[in-house]
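This report refers to the structure that appears directly beneath it.
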Amino acid sequence: MSDESRPSPPQERAGTRTAVVIPAAGRGVRLGPGAPKALRALNGTPMLIHAVRAMAASRWVSLVVVVAPPDGAAEVKSLLDAHALPERTDFLVVPGGESRQESVRLGLEALPPDHDIVLVHDAARPLVPVDTVDAVIEAVRDGAPAVVPALPLADTVKEVEPAEEPGTPEPVVATPARARLRAVQTPQGFDRATLVRAHEMVTGDVTDDASMVEQLGPTVVVVPGHEEAFKVTRPLDLVLAEAVLARRRLNDGF
Ligand SMILES: Nc1ccn([C@@H]2O[C@H](COP(=O)(O)OP(=O)(O)OP(=O)(O)O)[C@@H](O)[C@H]2O)c(=O)n1
Ligand SMILES: C[C@](O)(CO)[C@H](O)COP(=O)(O)O
């Protein structure tokens with residue numbers, strides 16, 4: 001192939017700054033009674049602080065916007081002040097909304113204009129490794145408008161006709177080919193203008209930000225996720241998170 005006909009490499013975006021919005025305003029109903037989920041401790045440190053550190057560990061991230069429980073912004077500010085965080089990263093705290101989608105939108109509205117790549121990361125995924133964060137950012141820097149980390153599924157998935165009465169058997173409607181399915185994690189990364197437009201245009205119920213971009217039109221791409229980026233949703237997830245942290249302490253030698 002001559003030099004002229006060779007496809008040009010993806011254009012890396014020069015001078016871009018990356019911000020992360022961390023929705024942390026949920027109650028954590030599925031985790032059971034207690035403090036809002038993001039404020040519950042893992043190895044003695046609030047889950048939110050683990051998530052903030054995981055984002056600030058990336059050399060690309062210069063700003064983290066935490067979306068706090070609506071009546072908990074002052075408490076979250078104090079928590080951030082009380083924990084050691086990298087000095088090269090700035091932090092903002094804003095109160096959240098009724099749904100995850102609304103909380104993310106409130107975080108986006110608080111972003112200063114000089115950041116044109118935005119990641120959205122669940123406070124409930126406190127243990128995501130920095131390599132996964134960097135892989136998402138690098139794919140956006142290379143030109144993808146929307147990037148999600150995801151893993152292949154271990155279970156076979158059935159589509160059902162949901163029962164009206166809980167506990168009633170549900171008829172199976174279809175079995176999607178598992179090889180084509182991925183379980184999606186966060187952080188999800190976006191060209192800022194694309195994500196803002198998605199939040200302006202898409203109003204229906206969604207469970208992640210990338211699906212809003214899908215509804216808008218731009219192609220969303222998947223990069224490899226990580227098993228330690230799991231979401232703390234139910235009580236057993238707390239046990240797993242503590243075990244992962246214990247293994248990391250052992251590997252780090254303290
Ligand atoms: N009104 C909301 C609801 C959720 N979230 C955040 O979105 C992330 C993913 O949500 P999920 O794991 O479902 O958290 P909760 O909504 O707290 O969980 P549950 O549905 O069990 O109450 C969490 O970091 C959560 O704090 C948020 O910022 N604002
Ligand atoms: C965004 C997300 O973590 C991707 O898997 C997930 O959809 C959040 O769902 P939740 O019901 O708000 O926990």
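Here, A, B, ... name the chains of the structure tokens in the order displayed, residue numbers run from 1 inside each chain, and ligands are numbered from 1 in the same displayed order.
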Task: Who sits within 9 Å of A:Met55, only C-alpha atoms, same chain under 2 positions skipped, as a PyMOL selection string - done: chain A and resi 20+50-53+57-58+61+64+121+128-130+133+187
Any chance you can output those residues with N, CA and C atoms as a PDB file, in the first residue's frame?
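Wrote part-v5.pdb, looks like this:
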```pdb
ATOM      1  N   VAL A  20     -14.886  14.440  35.176  1.00  0.00           N
ATOM      2  CA  VAL A  20     -15.721  13.282  35.520  1.00  0.00           C
ATOM      3  C   VAL A  20     -16.908  13.762  36.348  1.00  0.00           C
ATOM      4  N   HIS A  50     -13.506   6.186  47.562  1.00  0.00           N
ATOM      5  CA  HIS A  50     -12.830   5.200  46.702  1.00  0.00           C
ATOM      6  C   HIS A  50     -13.074   5.547  45.227  1.00  0.00           C
ATOM      7  N   ALA A  51     -14.336   5.885  44.902  1.00  0.00           N
ATOM      8  CA  ALA A  51     -14.675   6.170  43.499  1.00  0.00           C
ATOM      9  C   ALA A  51     -13.966   7.437  43.013  1.00  0.00           C
ATOM     10  N   VAL A  52     -13.929   8.466  43.873  1.00  0.00           N
ATOM     11  CA  VAL A  52     -13.251   9.726  43.509  1.00  0.00           C
ATOM     12  C   VAL A  52     -11.761   9.456  43.273  1.00  0.00           C
ATOM     13  N   ARG A  53     -11.149   8.681  44.180  1.00  0.00           N
ATOM     14  CA  ARG A  53      -9.711   8.369  44.015  1.00  0.00           C
ATOM     15  C   ARG A  53      -9.461   7.585  42.734  1.00  0.00           C
ATOM     16  N   ALA A  57      -7.047   9.107  39.850  1.00  0.00           N
ATOM     17  CA  ALA A  57      -5.798   8.375  39.584  1.00  0.00           C
ATOM     18  C   ALA A  57      -5.393   8.501  38.120  1.00  0.00           C
ATOM     19  N   SER A  58      -6.332   8.852  37.256  1.00  0.00           N
ATOM     20  CA  SER A  58      -5.979   8.989  35.837  1.00  0.00           C
ATOM     21  C   SER A  58      -5.282  10.326  35.611  1.00  0.00           C
ATOM     22  N   VAL A  61      -7.458  13.218  34.109  1.00  0.00           N
ATOM     23  CA  VAL A  61      -8.630  13.828  34.779  1.00  0.00           C
ATOM     24  C   VAL A  61      -8.210  15.066  35.569  1.00  0.00           C
ATOM     25  N   VAL A  64     -13.278  16.694  39.012  1.00  0.00           N
ATOM     26  CA  VAL A  64     -14.289  15.704  39.395  1.00  0.00           C
ATOM     27  C   VAL A  64     -15.482  16.457  39.992  1.00  0.00           C
ATOM     28  N   HIS A 121     -19.341   8.418  35.994  1.00  0.00           N
ATOM     29  CA  HIS A 121     -18.957   7.222  36.748  1.00  0.00           C
ATOM     30  C   HIS A 121     -19.803   7.066  38.012  1.00  0.00           C
ATOM     31  N   VAL A 128     -13.062   0.461  40.320  1.00  0.00           N
ATOM     32  CA  VAL A 128     -12.617   0.356  38.923  1.00  0.00           C
ATOM     33  C   VAL A 128     -11.120   0.691  38.829  1.00  0.00           C
ATOM     34  N   PRO A 129     -10.342  -0.160  38.151  1.00  0.00           N
ATOM     35  CA  PRO A 129      -8.904   0.118  38.024  1.00  0.00           C
ATOM     36  C   PRO A 129      -8.631   1.295  37.077  1.00  0.00           C
ATOM     37  N   VAL A 130      -7.518   1.981  37.313  1.00  0.00           N
ATOM     38  CA  VAL A 130      -7.198   3.175  36.514  1.00  0.00           C
ATOM     39  C   VAL A 130      -6.974   2.809  35.039  1.00  0.00           C
ATOM     40  N   VAL A 133     -10.214   3.202  33.312  1.00  0.00           N
ATOM     41  CA  VAL A 133     -10.554   4.631  33.157  1.00  0.00           C
ATOM     42  C   VAL A 133      -9.768   5.209  31.976  1.00  0.00           C
ATOM     43  N   PRO A 187     -16.574   3.904  34.223  1.00  0.00           N
ATOM     44  CA  PRO A 187     -16.993   5.161  33.630  1.00  0.00           C
ATOM     45  C   PRO A 187     -17.315   5.032  32.140  1.00  0.00           C
TER      46      PRO A 187
END
```
- [ ] Within 7 Å of ligand 1, which residues show up when you count only C-alpha atoms and all ligand atoms? List them as a count of residues only, please.
- [x] 29
- [ ] Take atom CA of A:Val220 and atom CA of A:Val184 and report the distance between them in Å, one decimal.
- [x]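 These atoms are spaced 11.8 Å apart.
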Under the rule of at most 6 Å, produce a per-residue listing of chain A near ligand 2: chain, number, name, the closest pair of atoms, and the distance in Å, as a Markdown table, using only C-alpha atoms and all ligand atoms.
```
| residue | atom | partner | partner_atom_place_in_ligand_line | distance |
| --- | --- | --- | --- | --- |
| A:Val184 | CA | ligand 2 | 5 (O) | 4.5 |
| A:Gln185 | CA | ligand 2 | 5 (O) | 4.4 |
| A:Thr186 | CA | ligand 2 | 3 (O) | 5.7 |
| A:Thr207 | CA | ligand 2 | 7 (O) | 4.3 |
| A:Asp208 | CA | ligand 2 | 1 (C) | 4.2 |
```
Open item on the list: Measuring between only C-alpha atoms, which one of A:Pro113, A:Pro95, A:Gly143, A:Pro86 shows the shortest distance to A:Gly72?
Closed with: A:Pro95
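Shortest separation to A:Val140 among A:Ala154, A:Thr16, A:Arg59, A:Ala246 occurs at residue A:Thr16, atoms counted being only C-alpha atoms.
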Open item on the list: I need the residue nearest A:Ala193 from this list: A:Glu87, A:Glu109, A:Asp71, A:Asp116. Use only C-alpha atoms for the distance.
Closed with: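 Checking each of A:Glu87, A:Glu109, A:Asp71, A:Asp116 against A:Ala193, counting only C-alpha atoms, the winner is A:Asp116.
For the residues A:Ser78, A:Thr175, A:Thr18, A:Asn43, ranking by smallest atom-to-atom distance to A:Glu242 using only C-alpha atoms places A:Asn43 first.
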Task: Which residue of A:Val147, A:Thr89, A:Leu80, A:Gly44 approaches A:Val223 most closely, using only C-alpha atoms - done: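 So, comparing all the options, the nearest one is A:Val147.
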- [ ] Write down as a PyMOL selection string the residues of stretch 4-238 of chain A whose backbone DSSP state falls under alpha helix (DSSP H).
- [x] chain A and resi 47-56+73-82+100-109+130-141+192-201+210-216+235-238
Open item on the list: Ranking A:Glu75, A:Glu170, A:Glu228, A:Asp131 by minimum distance to A:Lys158 and counting only C-alpha atoms, which one comes first?
Closed with: A:Glu170
- [ ] Give the strand (DSSP E) residues of stretch 138-198 of chain A, as assigned by DSSP on the backbone, as a VMD selection string.
- [x] chain A and resid 146 to 152 159 to 160 172 to 174 182 to 184 188 to 191
